[in-house]
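*Asks:* Next comes the structure file target01.cif, holding mmCIF, C-alpha atoms.
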data_target
loop_
_atom_site.label_atom_id
_atom_site.label_comp_id
_atom_site.auth_asym_id
_atom_site.auth_seq_id
_atom_site.Cartn_x
_atom_site.Cartn_y
_atom_site.Cartn_z
CA MET H 126 17.75 -55.46 -25.86
CA ARG H 127 20.81 -55.59 -23.68
CA ARG H 128 20.52 -55.93 -19.95
CA GLY H 129 22.01 -52.43 -19.42
CA THR H 130 19.40 -50.84 -21.64
CA TRP H 131 16.61 -52.58 -19.74
CA GLY H 132 18.10 -51.27 -16.55
CA ILE H 133 18.17 -47.68 -17.77
CA LEU H 134 14.62 -47.97 -19.07
CA LEU H 135 13.39 -49.39 -15.77
CA ALA H 136 15.15 -46.69 -13.82
CA ALA H 137 13.64 -43.97 -16.04
CA LEU H 138 10.17 -45.47 -15.64
CA SER H 139 10.62 -45.66 -11.88
CA LEU H 140 11.76 -42.05 -11.72
CA GLY H 141 8.84 -40.96 -13.89
CA ALA H 142 6.37 -42.85 -11.73
CA ALA H 143 7.89 -41.39 -8.58
CA ALA H 144 7.70 -37.88 -10.05
CA ALA H 145 4.07 -38.40 -11.04
CA VAL H 146 3.21 -39.57 -7.53
CA ALA H 147 5.15 -36.68 -6.00
CA VAL H 148 3.37 -34.10 -8.15
CA GLU H 149 0.02 -35.46 -7.10
CA HIS H 150 0.96 -35.47 -3.43
CA PRO H 151 -0.83 -32.70 -1.50
CA TRP H 152 2.47 -31.30 -0.24
CA SER H 153 3.81 -30.87 -3.77
CA ARG H 154 0.57 -29.40 -5.03
CA GLY H 155 0.40 -27.07 -2.05
CA TYR H 156 4.00 -25.99 -2.62
CA ALA H 157 3.27 -25.22 -6.27
CA LEU H 158 0.13 -23.26 -5.41
CA TYR H 159 1.88 -21.34 -2.64
CA HIS H 160 4.72 -20.23 -4.91
CA GLY H 161 2.58 -19.53 -7.94
CA TYR H 162 3.68 -22.48 -10.06
CA LEU H 163 0.06 -23.54 -10.30
CA PRO H 164 -2.74 -21.03 -10.93
CA MET H 165 -4.91 -19.59 -8.20
CA SER H 166 -7.75 -17.26 -9.09
CA GLY H 167 -7.58 -14.26 -6.76
CA ARG H 168 -9.06 -10.77 -6.64
CA ILE H 169 -9.13 -7.87 -4.22
CA ALA H 170 -12.40 -7.77 -2.28
CA GLY H 171 -14.83 -5.54 -4.13
CA HIS H 172 -13.02 -5.75 -7.47
CA THR H 173 -14.57 -7.36 -10.50
CA GLU H 174 -11.20 -7.86 -12.18
CA GLY H 175 -9.02 -10.81 -11.24
CA LEU H 176 -5.35 -10.50 -10.38
CA PRO H 177 -2.48 -12.01 -12.33
CA LEU H 178 -0.75 -14.86 -10.58
CA ALA H 179 2.42 -12.81 -10.17
CA ALA H 180 0.48 -10.35 -8.02
CA SER H 181 -1.54 -12.80 -5.95
CA ARG H 182 0.68 -15.76 -5.06
CA CYS H 183 0.97 -16.42 -1.34
CA SER H 184 4.76 -16.19 -1.23
CA ASN H 185 4.72 -12.54 -2.36
CA CYS H 186 3.55 -11.45 1.06
CA HIS H 187 3.93 -14.37 3.43
CA ASP H 188 7.57 -14.94 2.49
CA ALA H 189 8.37 -11.23 2.15
CA VAL H 190 11.58 -10.24 3.85
CA THR H 191 10.70 -8.21 6.90
CA GLY H 192 12.87 -5.35 7.92
CA GLY H 193 12.62 -1.60 8.05
CA GLY H 194 9.15 -0.41 7.31
CA GLN H 195 7.98 -3.76 6.02
CA THR H 196 7.85 -4.92 9.60
CA ALA H 197 5.03 -2.51 10.23
CA ARG H 198 2.82 -4.49 7.90
CA THR H 199 3.10 -7.54 10.17
CA ILE H 200 2.26 -10.04 7.49
CA SER H 201 2.34 -13.35 9.23
CA PRO H 202 4.33 -16.20 7.71
CA LEU H 203 2.25 -19.25 6.92
CA THR H 204 3.80 -21.96 9.06
CA GLN H 205 2.71 -24.70 11.35
CA ALA H 206 3.45 -22.49 14.35
CA SER H 207 1.57 -19.46 13.07
CA LEU H 208 -1.45 -21.39 11.83
CA THR H 209 -1.95 -23.96 14.56
CA GLY H 210 -0.75 -21.93 17.53
CA ASN H 211 -3.52 -20.65 19.77
CA VAL H 212 -2.72 -16.98 19.27
CA SER H 213 -4.53 -13.68 18.97
CA ARG H 214 -4.76 -12.44 15.41
CA ARG H 215 -5.76 -8.95 14.31
CA GLY H 216 -6.71 -8.03 17.86
CA GLY H 217 -9.23 -10.83 18.16
CA PRO H 218 -9.44 -13.63 20.73
CA PRO H 219 -6.92 -16.49 20.49
CA SER H 220 -7.77 -18.85 17.68
CA ILE H 221 -6.42 -21.81 15.77
CA PHE H 222 -6.71 -22.50 12.07
CA ASP H 223 -7.92 -25.81 10.75
CA GLN H 224 -8.45 -26.71 7.13
CA GLN H 225 -12.02 -25.46 7.13
CA SER H 226 -11.23 -22.06 8.66
CA PHE H 227 -8.11 -21.77 6.48
CA CYS H 228 -10.22 -22.22 3.37
CA LEU H 229 -12.84 -19.77 4.66
CA THR H 230 -10.08 -17.17 5.10
CA LEU H 231 -8.76 -17.80 1.61
CA ARG H 232 -12.16 -17.60 -0.02
CA ASP H 233 -14.01 -15.00 2.05
CA GLY H 234 -11.35 -13.23 4.10
CA ILE H 235 -12.78 -14.27 7.47
CA ASP H 236 -10.30 -15.66 10.00
CA PRO H 237 -11.05 -18.32 12.68
CA ALA H 238 -11.98 -15.59 15.18
CA MET H 239 -14.50 -14.26 12.64
CA ILE H 240 -12.40 -11.16 11.99
CA GLN H 241 -12.04 -9.85 8.48
CA VAL H 242 -8.50 -9.87 7.13
CA SER H 243 -6.98 -6.92 5.28
CA ARG H 244 -8.36 -6.07 1.86
CA THR H 245 -4.81 -6.29 0.60
CA MET H 246 -5.02 -10.06 0.82
CA PRO H 247 -6.79 -11.33 -2.27
CA ARG H 248 -9.85 -13.52 -1.97
CA PHE H 249 -9.40 -16.76 -3.87
CA THR H 250 -11.72 -19.01 -5.79
CA MET H 251 -10.36 -22.49 -5.07
CA SER H 252 -11.50 -26.07 -5.27
CA ASP H 253 -11.62 -28.10 -2.08
CA ASP H 254 -8.73 -30.20 -3.36
CA ASP H 255 -6.49 -27.19 -4.03
CA CYS H 256 -7.38 -25.56 -0.74
CA GLY H 257 -6.72 -28.83 1.08
CA ALA H 258 -3.35 -29.15 -0.63
CA LEU H 259 -2.39 -25.61 0.29
CA TRP H 260 -3.40 -26.25 3.89
CA TYR H 261 -1.40 -29.49 3.90
CA PHE H 262 1.71 -27.63 2.73
CA ALA H 263 1.37 -24.47 4.81
CA SER H 264 0.44 -26.20 8.06
CA ARG H 265 3.50 -28.43 7.87
CA ARG H 266 6.13 -25.78 7.15
CA MET W 130 -12.35 70.67 37.71
CA ASN W 131 -10.20 69.92 34.69
CA ARG W 132 -7.34 69.09 36.98
CA ILE W 133 -9.57 66.63 38.88
CA MET W 134 -10.69 64.95 35.64
CA HIS W 135 -7.13 64.82 34.43
CA SER W 136 -6.04 63.18 37.67
CA SER W 137 -8.88 60.66 37.42
CA VAL W 138 -7.96 59.68 33.87
CA LEU W 139 -4.33 59.28 34.88
CA GLY W 140 -5.43 57.18 37.86
CA ILE W 141 -7.52 54.89 35.65
CA LEU W 142 -4.68 54.51 33.17
CA ALA W 143 -2.26 53.74 35.98
CA SER W 144 -4.64 51.13 37.40
CA VAL W 145 -4.98 49.46 34.01
CA ALA W 146 -1.21 49.46 33.55
CA ILE W 147 -0.70 47.93 37.01
CA GLY W 148 -3.37 45.28 36.25
CA VAL W 149 -1.78 44.32 32.95
CA ALA W 150 1.64 44.15 34.59
CA ALA W 151 0.24 41.95 37.36
CA LEU W 152 -1.35 39.67 34.79
CA VAL W 153 1.93 39.32 32.94
CA VAL W 154 3.78 38.61 36.17
CA THR W 155 1.29 35.98 37.33
CA GLN W 156 1.57 34.27 33.94
CA SER W 157 5.31 34.00 34.42
CA PHE W 158 5.70 33.29 38.13
CA ASN W 159 3.87 31.15 40.57
CA THR W 160 3.05 32.20 44.13
CA THR W 161 6.48 31.21 45.36
CA GLY W 162 8.08 33.73 43.05
CA ARG W 163 10.01 31.07 41.16
CA PRO W 164 9.64 30.79 37.39
CA LEU W 165 7.02 28.28 36.32
CA PRO W 166 8.48 25.06 34.93
CA VAL W 167 8.55 24.72 31.18
CA LEU W 168 6.29 21.82 30.32
CA PRO W 169 7.39 19.41 27.61
CA VAL W 170 5.74 19.91 24.30
CA ALA W 171 2.83 17.58 23.82
CA LYS W 172 3.64 14.59 21.67
CA GLU W 173 3.07 15.47 18.10
CA ILE W 174 -0.08 13.97 16.75
CA ALA W 175 0.56 11.65 13.85
CA VAL W 176 -0.52 13.11 10.56
CA GLU W 177 -3.64 11.33 9.45
CA HIS W 178 -3.97 10.10 5.94
CA VAL W 179 -6.21 12.16 3.75
CA PRO W 180 -9.57 10.42 3.98
CA PHE W 181 -10.50 9.20 0.57
CA GLY W 182 -12.47 11.67 -1.45
CA PRO W 183 -12.00 15.12 -2.95
CA VAL W 184 -9.06 17.19 -1.73
CA ARG W 185 -10.30 20.70 -0.97
CA PRO W 186 -8.61 22.97 -1.52
CA ALA W 187 -6.66 21.19 -4.21
CA ARG W 188 -2.97 20.84 -3.46
CA VAL W 189 -0.27 21.99 -5.80
CA MET W 190 2.30 19.30 -6.41
CA PRO W 191 5.72 20.25 -5.05
CA ALA W 192 8.33 21.72 -7.37
CA ILE W 193 10.76 18.83 -7.04
CA ALA W 194 12.97 17.17 -9.61
CA VAL W 195 12.22 13.60 -10.59
CA THR W 196 14.11 11.06 -12.65
CA MET W 197 11.80 9.41 -15.13
CA SER W 198 11.87 5.74 -16.10
CA ASP W 199 13.23 6.78 -19.50
CA GLY W 200 16.22 8.34 -17.76
CA GLY W 201 15.17 11.95 -18.29
CA LYS W 202 15.05 14.48 -15.48
CA GLN W 203 12.02 16.72 -15.10
CA GLN W 204 10.22 18.86 -12.58
CA LEU W 205 7.24 17.03 -11.11
CA PRO W 206 4.77 19.86 -11.88
CA GLU W 207 5.76 19.58 -15.55
CA VAL W 208 5.23 15.83 -15.51
CA VAL W 209 1.68 16.09 -14.20
CA SER W 210 0.48 19.21 -16.02
CA GLY W 211 -1.59 19.40 -19.18
CA HIS W 212 -3.46 16.13 -18.72
CA TRP W 213 -5.18 14.11 -16.02
CA THR W 214 -2.79 11.97 -14.03
CA ILE W 215 -3.44 9.06 -11.75
CA ALA W 216 -0.44 8.40 -9.54
CA GLN W 217 0.53 5.67 -7.11
CA LEU W 218 3.37 5.17 -4.62
CA MET W 219 5.50 2.07 -5.06
CA PHE W 220 9.04 0.74 -5.21
CA THR W 221 10.46 -1.98 -7.37
CA GLY W 222 11.76 -4.09 -4.48
CA CYS W 223 8.30 -4.39 -2.97
CA SER W 224 6.77 -7.85 -3.32
CA THR W 225 3.63 -7.33 -1.26
CA THR W 226 1.24 -4.57 -2.28
CA CYS W 227 3.15 -3.18 -5.27
CA PRO W 228 2.49 -6.08 -7.64
CA VAL W 229 -1.22 -5.68 -6.91
CA GLN W 230 -0.97 -1.92 -7.47
CA GLY W 231 0.80 -2.56 -10.77
CA ALA W 232 -1.92 -5.00 -11.81
CA ILE W 233 -4.58 -2.38 -10.98
CA PHE W 234 -2.84 0.21 -13.18
CA GLU W 235 -2.48 -2.36 -15.95
CA GLN W 236 -6.22 -2.96 -15.88
CA VAL W 237 -6.93 0.77 -15.82
CA GLN W 238 -4.65 1.26 -18.80
CA ASN W 239 -6.51 -1.46 -20.68
CA GLN W 240 -9.88 0.14 -19.90
CA LEU W 241 -9.01 3.76 -20.75
CA GLY W 242 -10.40 3.52 -24.28
CA SER W 243 -10.96 6.96 -25.79
CA LYS W 244 -9.57 8.65 -22.67
CA ALA W 245 -6.09 7.25 -23.31
CA GLY W 246 -4.86 10.44 -24.93
CA GLN W 247 -5.92 12.63 -22.03
CA VAL W 248 -4.76 10.52 -19.10
CA LYS W 249 -1.33 9.51 -17.86
CA LEU W 250 -0.42 6.95 -15.25
CA LEU W 251 2.48 7.69 -12.95
CA SER W 252 4.14 5.23 -10.58
CA LEU W 253 6.13 7.24 -8.05
CA SER W 254 8.91 5.34 -6.34
CA ILE W 255 9.61 5.93 -2.67
CA ASP W 256 13.06 4.32 -2.97
CA PRO W 257 15.47 7.00 -4.20
CA LEU W 258 18.44 4.86 -3.22
CA GLY W 259 17.46 1.64 -4.93
CA ASP W 260 15.27 2.48 -7.89
CA THR W 261 17.21 3.32 -11.02
CA PRO W 262 15.48 4.34 -14.25
CA GLU W 263 16.21 0.86 -15.60
CA ALA W 264 14.58 -0.80 -12.59
CA LEU W 265 11.55 1.47 -12.92
CA GLN W 266 11.26 0.73 -16.63
CA THR W 267 11.48 -3.01 -16.01
CA TRP W 268 8.85 -2.75 -13.29
CA ILE W 269 6.22 -0.99 -15.41
CA ALA W 270 7.13 -3.09 -18.47
CA GLN W 271 6.12 -6.28 -16.66
CA PHE W 272 2.60 -4.86 -16.57
CA GLY W 273 2.63 -3.99 -20.25
CA ALA W 274 2.96 -0.26 -19.71
CA GLY W 275 2.14 1.75 -22.80
CA PRO W 276 3.40 5.24 -23.67
CA GLN W 277 0.95 6.88 -21.25
CA TRP W 278 2.36 5.05 -18.22
CA GLN W 279 5.64 6.21 -16.74
CA ALA W 280 7.45 5.73 -13.47
CA ALA W 281 9.59 8.28 -11.67
CA VAL W 282 11.71 8.61 -8.57
CA THR W 283 12.61 11.69 -6.55
CA GLY W 284 15.89 12.52 -4.90
CA LEU W 285 16.21 11.54 -1.26
CA ASP W 286 15.79 15.11 -0.03
CA ASP W 287 12.61 15.59 -2.02
CA LEU W 288 10.89 12.41 -0.92
CA GLY W 289 9.57 13.91 2.31
CA PRO W 290 7.88 16.91 0.69
CA LEU W 291 6.29 14.63 -1.90
CA LEU W 292 4.95 12.22 0.72
CA ASP W 293 3.64 15.13 2.77
CA VAL W 294 1.67 16.54 -0.12
CA LEU W 295 0.19 13.12 -0.77
CA ASN W 296 -0.06 12.20 2.91
CA GLY W 297 1.55 8.97 1.89
CA ARG W 298 4.16 8.95 4.64
CA GLY W 299 4.28 5.73 6.63
CA GLU W 300 6.19 4.60 9.69
CA GLY W 301 9.29 3.59 7.77
CA ILE W 302 10.93 4.92 4.69
CA ASP W 303 9.76 2.02 2.58
CA VAL W 304 6.20 1.98 3.79
CA HIS W 305 3.65 3.63 1.57
CA ASN W 306 -0.04 3.43 1.09
CA ALA W 307 -1.85 1.82 -1.83
CA ARG W 308 -4.11 4.74 -2.64
CA VAL W 309 -4.37 6.36 -6.03
CA PHE W 310 -3.94 10.11 -6.39
CA LEU W 311 -5.85 12.02 -9.05
CA ILE W 312 -4.00 15.10 -10.30
CA SER W 313 -5.74 17.66 -12.49
CA PRO W 314 -4.30 19.11 -15.73
CA GLU W 315 -3.40 22.16 -13.62
CA GLY W 316 -1.04 19.94 -11.65
CA GLU W 317 -3.13 19.90 -8.47
CA LEU W 318 -4.01 16.92 -6.31
CA VAL W 319 -7.81 16.87 -6.44
CA TYR W 320 -8.82 13.39 -5.25
CA VAL W 321 -7.44 10.57 -3.14
CA THR W 322 -8.94 7.09 -3.31
CA GLU W 323 -9.15 4.38 -0.70
CA ASP W 324 -6.38 1.78 -0.56
CA MET W 325 -6.47 -0.62 -3.50
CA PRO W 326 -9.21 1.02 -5.54
CA SER W 327 -10.77 -1.14 -8.20
CA PRO W 328 -9.77 -0.43 -11.80
CA ARG W 329 -13.42 0.13 -12.67
CA SER W 330 -13.80 2.74 -9.93
CA LEU W 331 -10.76 4.60 -11.26
CA ILE W 332 -12.27 4.70 -14.74
CA VAL W 333 -15.50 6.08 -13.26
CA LEU W 334 -13.48 8.63 -11.28
CA LEU W 335 -11.64 9.76 -14.40
CA ASP W 336 -14.92 9.98 -16.33
CA GLU W 337 -16.46 12.21 -13.69
CA ALA W 338 -13.36 14.34 -13.28
CA MET W 339 -13.08 14.96 -17.00
CA ARG W 340 -16.78 15.67 -17.34
CA ASN W 341 -16.81 18.17 -14.48
CA GLY W 342 -13.45 19.70 -15.34
#
Output the structure of this file as structure tokens.
*Replies:*
Amino acid sequence: MRRGTWGILLAALSLGAAAAVAVEHPWSRGYALYHGYLPMSGRIAGHTEGLPLAASRCSNCHDAVTGGGQTARTISPLTQASLTGNVSRRGGPPSIFDQQSFCLTLRDGIDPAMIQVSRTMPRFTMSDDDCGALWYFASRR
Amino acid sequence: MNRIMHSSVLGILASVAIGVAALVVTQSFNTTGRPLPVLPVAKEIAVEHVPFGPVRPARVMPAIAVTMSDGGKQQLPEVVSGHWTIAQLMFTGCSTTCPVQGAIFEQVQNQLGSKAGQVKLLSLSIDPLGDTPEALQTWIAQFGAGPQWQAAVTGLDDLGPLLDVLNGRGEGIDVHNARVFLISPEGELVYVTEDMPSPRSLIVLLDEAMRNG
């Protein structure tokens, strides 16, 4: 095999290995979960039927363009500032998210100030790894 | 004697007339003789949403024209008459609650079973400026809408009357609630659900409505 061919093969292997590592990185996994590229099992509280991914991905609401009447819904973006800032949410006392309270909100709809979030936000069944990855991504945006 | 009685009656009538006149005057003028100030009208109380449950008396749907997702134009009462209808408010540019509402209707459609021939699903757009028939058709198609599920949009002038009948008016033109509205075969709004009702609860609601007429 010619030297050039070996070089191309090595470069391809390196790129593949880098891609594999990147995909497994919590940020990448969190990004994919947030935008609906990886499945998340969500349902509206009280429903027995699950929601399709297209209806329950985080970006649908938390990246929604605000303006006009949408502003009235006051859906908070999921960013480092909004999650880790010591702010009042839903009329409750100031609170800060950490990974544990973030996952509690996702699974049970209870925020760090022990206030129930809107029913409109689906409740998710998630593994600790997926929830941790989503927290990693969202809390670093 | 008669003259005395006559004078007394006239006196009483005159006293009553003077009293009424005084009452009218005191309602219009204060003690200084100047007209009372006209107070500003109290701030209008926001119209509350219909609490979920039966609507009594049932409300007739407004006689407004709608453009259907197949491009046809119809009167809304015609669209909702002759069968049970469950309706929702939505718009195709909505990425927040509307996809969930669409998913709920999809699940209802899949659970209708033998009721499918007697029930129609209607997604009513609140975006007369942006939602074309093609956009509406694409929106319901993504949820696998069958022949019993249609979408429709009103003209801009008719949106207000529609929202008022449904009490679906929000703070902005593109804000709507996520309730489901049950309309009888007579074309009357008879039940309003909570926000985001479960598909199963809508099937139960339809069962009860059809059983009780």
*Asks:* Counting only C-alpha atoms, give me one row per residue of chain H with an atom at most 10 Å from an atom of chain W, showing the shortest contact pair and its distance in Å to one decimal, sorted by chain then residue number, as a Markdown table.
*Replies:*
| residue | atom | partner | partner_atom | distance |
| --- | --- | --- | --- | --- |
| H:Arg168 | CA | W:Val229 | CA | 9.4 |
| H:Ile169 | CA | W:Met325 | CA | 7.8 |
| H:Ala170 | CA | W:Ser327 | CA | 9.0 |
| H:Gly171 | CA | W:Ser327 | CA | 7.2 |
| H:His172 | CA | W:Ser327 | CA | 5.2 |
| H:Thr173 | CA | W:Ser327 | CA | 7.6 |
| H:Glu174 | CA | W:Pro328 | CA | 7.6 |
| H:Gly175 | CA | W:Ala232 | CA | 9.2 |
| H:Leu176 | CA | W:Ala232 | CA | 6.6 |
| H:Pro177 | CA | W:Ala232 | CA | 7.1 |
| H:Leu178 | CA | W:Pro228 | CA | 9.8 |
| H:Ala179 | CA | W:Pro228 | CA | 7.2 |
| H:Ala180 | CA | W:Pro228 | CA | 4.7 |
| H:Ser181 | CA | W:Val229 | CA | 7.2 |
| H:Arg182 | CA | W:Thr225 | CA | 9.7 |
| H:Cys183 | CA | W:Thr225 | CA | 9.5 |
| H:Ser184 | CA | W:Ser224 | CA | 8.8 |
| H:Asn185 | CA | W:Ser224 | CA | 5.2 |
| H:Cys186 | CA | W:Thr225 | CA | 4.7 |
| H:His187 | CA | W:Thr225 | CA | 8.5 |
| H:Asp188 | CA | W:Ser224 | CA | 9.2 |
| H:Ala189 | CA | W:Ser224 | CA | 6.6 |
| H:Val190 | CA | W:Ser224 | CA | 9.0 |
| H:Gly192 | CA | W:Asp303 | CA | 9.6 |
| H:Gly193 | CA | W:Gly301 | CA | 6.2 |
| H:Gly194 | CA | W:Gly301 | CA | 4.0 |
| H:Gln195 | CA | W:Val304 | CA | 6.4 |
| H:Thr196 | CA | W:Gly301 | CA | 8.8 |
| H:Ala197 | CA | W:Glu300 | CA | 7.2 |
| H:Arg198 | CA | W:Val304 | CA | 8.4 |
| H:Ile200 | CA | W:Thr225 | CA | 9.3 |
| H:Arg244 | CA | W:Met325 | CA | 7.9 |
| H:Thr245 | CA | W:Thr226 | CA | 6.9 |
| H:Met246 | CA | W:Thr226 | CA | 8.9 |
| H:Pro247 | CA | W:Val229 | CA | 9.2 |
*Asks:* Just so the selection is clear, what residues does the PyMOL selection byres ((chain H and resi 207) around 12) cover here, as a PyMOL selection string?
*Replies:* chain H and resi 187+200-206+208-214+219-223+227+263-266
*Asks:* Determine, counting only C-alpha atoms, which protein, DNA and RNA residues have an atom within 6 Å of an atom of region 144-160 of chain H; residues of the same chain fewer than 2 positions away are not included. Present the result as a list in words.
*Replies:* Gly141, Ala142, Tyr162, Leu163, Cys183, Ser184, Ala258, Leu259, Tyr261 and Phe262 of chain H
*Asks:* Rounded to one decimal place, report the CA of Lys249 (chain W)-CA of Leu285 (chain W) distance in Å.
*Replies:*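 Result for CA of Lys249 (chain W) versus CA of Leu285 (chain W): 24.2 Å, one decimal.
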*Asks:* Just the number, please: distance in Å from CA of Val294 (chain W) to CA of Val189 (chain W), one decimal.
*Replies:*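 So the two atoms, CA of Val294 (chain W) and CA of Val189 (chain W), lie 8.1 Å apart.
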*Asks:* Considering all atoms listed in the file, state which residue in the set H:Gly216, H:Gln225, H:Ala137, H:Pro164 is at the smallest distance from Pro237 (chain H).
*Replies:*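 Closest to Pro237 (chain H), using all atoms listed in the file: H:Gln225.
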*Asks:* Atoms are missing here; could region 220-227 of chain W be completed with all heavy atoms and written as a PDB file, keeping the file's coordinate frame?
*Replies:*
ATOM      1  N   PHE W 220       7.613   0.874  -4.956  1.00  0.00           N
ATOM      2  CA  PHE W 220       9.040   0.740  -5.210  1.00  0.00           C
ATOM      3  C   PHE W 220       9.290  -0.642  -5.785  1.00  0.00           C
ATOM      4  O   PHE W 220       8.520  -1.583  -5.540  1.00  0.00           O
ATOM      5  CB  PHE W 220       9.900   1.000  -3.957  1.00  0.00           C
ATOM      6  CG  PHE W 220       9.683   0.070  -2.801  1.00  0.00           C
ATOM      7  CD1 PHE W 220      10.604  -0.936  -2.519  1.00  0.00           C
ATOM      8  CD2 PHE W 220       8.591   0.207  -1.965  1.00  0.00           C
ATOM      9  CE1 PHE W 220      10.433  -1.783  -1.427  1.00  0.00           C
ATOM     10  CE2 PHE W 220       8.393  -0.637  -0.875  1.00  0.00           C
ATOM     11  CZ  PHE W 220       9.316  -1.632  -0.616  1.00  0.00           C
ATOM     12  N   THR W 221      10.309  -0.764  -6.585  1.00  0.00           N
ATOM     13  CA  THR W 221      10.460  -1.980  -7.370  1.00  0.00           C
ATOM     14  C   THR W 221      10.831  -3.193  -6.521  1.00  0.00           C
ATOM     15  O   THR W 221      10.593  -4.324  -6.927  1.00  0.00           O
ATOM     16  CB  THR W 221      11.516  -1.818  -8.480  1.00  0.00           C
ATOM     17  OG1 THR W 221      12.786  -1.586  -7.873  1.00  0.00           O
ATOM     18  CG2 THR W 221      11.175  -0.650  -9.384  1.00  0.00           C
ATOM     19  N   GLY W 222      11.399  -2.973  -5.353  1.00  0.00           N
ATOM     20  CA  GLY W 222      11.760  -4.090  -4.480  1.00  0.00           C
ATOM     21  C   GLY W 222      10.628  -4.589  -3.629  1.00  0.00           C
ATOM     22  O   GLY W 222      10.825  -5.476  -2.802  1.00  0.00           O
ATOM     23  N   CYS W 223       9.461  -4.047  -3.803  1.00  0.00           N
ATOM     24  CA  CYS W 223       8.300  -4.390  -2.970  1.00  0.00           C
ATOM     25  C   CYS W 223       7.578  -5.595  -3.578  1.00  0.00           C
ATOM     26  O   CYS W 223       7.199  -5.558  -4.753  1.00  0.00           O
ATOM     27  CB  CYS W 223       7.375  -3.181  -2.907  1.00  0.00           C
ATOM     28  SG  CYS W 223       5.658  -3.492  -2.492  1.00  0.00           S
ATOM     29  N   SER W 224       7.426  -6.643  -2.783  1.00  0.00           N
ATOM     30  CA  SER W 224       6.770  -7.850  -3.320  1.00  0.00           C
ATOM     31  C   SER W 224       5.357  -8.006  -2.791  1.00  0.00           C
ATOM     32  O   SER W 224       4.669  -8.947  -3.162  1.00  0.00           O
ATOM     33  CB  SER W 224       7.591  -9.093  -2.943  1.00  0.00           C
ATOM     34  OG  SER W 224       7.484  -9.339  -1.547  1.00  0.00           O
ATOM     35  N   THR W 225       4.926  -7.114  -1.920  1.00  0.00           N
ATOM     36  CA  THR W 225       3.630  -7.330  -1.260  1.00  0.00           C
ATOM     37  C   THR W 225       2.506  -6.586  -1.990  1.00  0.00           C
ATOM     38  O   THR W 225       1.783  -7.174  -2.781  1.00  0.00           O
ATOM     39  CB  THR W 225       3.715  -6.906   0.214  1.00  0.00           C
ATOM     40  OG1 THR W 225       4.198  -5.554   0.286  1.00  0.00           O
ATOM     41  CG2 THR W 225       4.676  -7.790   0.969  1.00  0.00           C
ATOM     42  N   THR W 226       2.356  -5.308  -1.686  1.00  0.00           N
ATOM     43  CA  THR W 226       1.240  -4.570  -2.280  1.00  0.00           C
ATOM     44  C   THR W 226       1.543  -4.064  -3.687  1.00  0.00           C
ATOM     45  O   THR W 226       0.622  -3.907  -4.494  1.00  0.00           O
ATOM     46  CB  THR W 226       0.869  -3.356  -1.405  1.00  0.00           C
ATOM     47  OG1 THR W 226       2.030  -2.555  -1.228  1.00  0.00           O
ATOM     48  CG2 THR W 226       0.333  -3.795  -0.070  1.00  0.00           C
ATOM     49  N   CYS W 227       2.827  -3.818  -3.980  1.00  0.00           N
ATOM     50  CA  CYS W 227       3.150  -3.180  -5.270  1.00  0.00           C
ATOM     51  C   CYS W 227       2.759  -3.999  -6.491  1.00  0.00           C
ATOM     52  O   CYS W 227       2.268  -3.437  -7.471  1.00  0.00           O
ATOM     53  CB  CYS W 227       4.625  -2.792  -5.298  1.00  0.00           C
ATOM     54  SG  CYS W 227       5.093  -1.690  -3.954  1.00  0.00           S
TER      55      CYS W 227
END
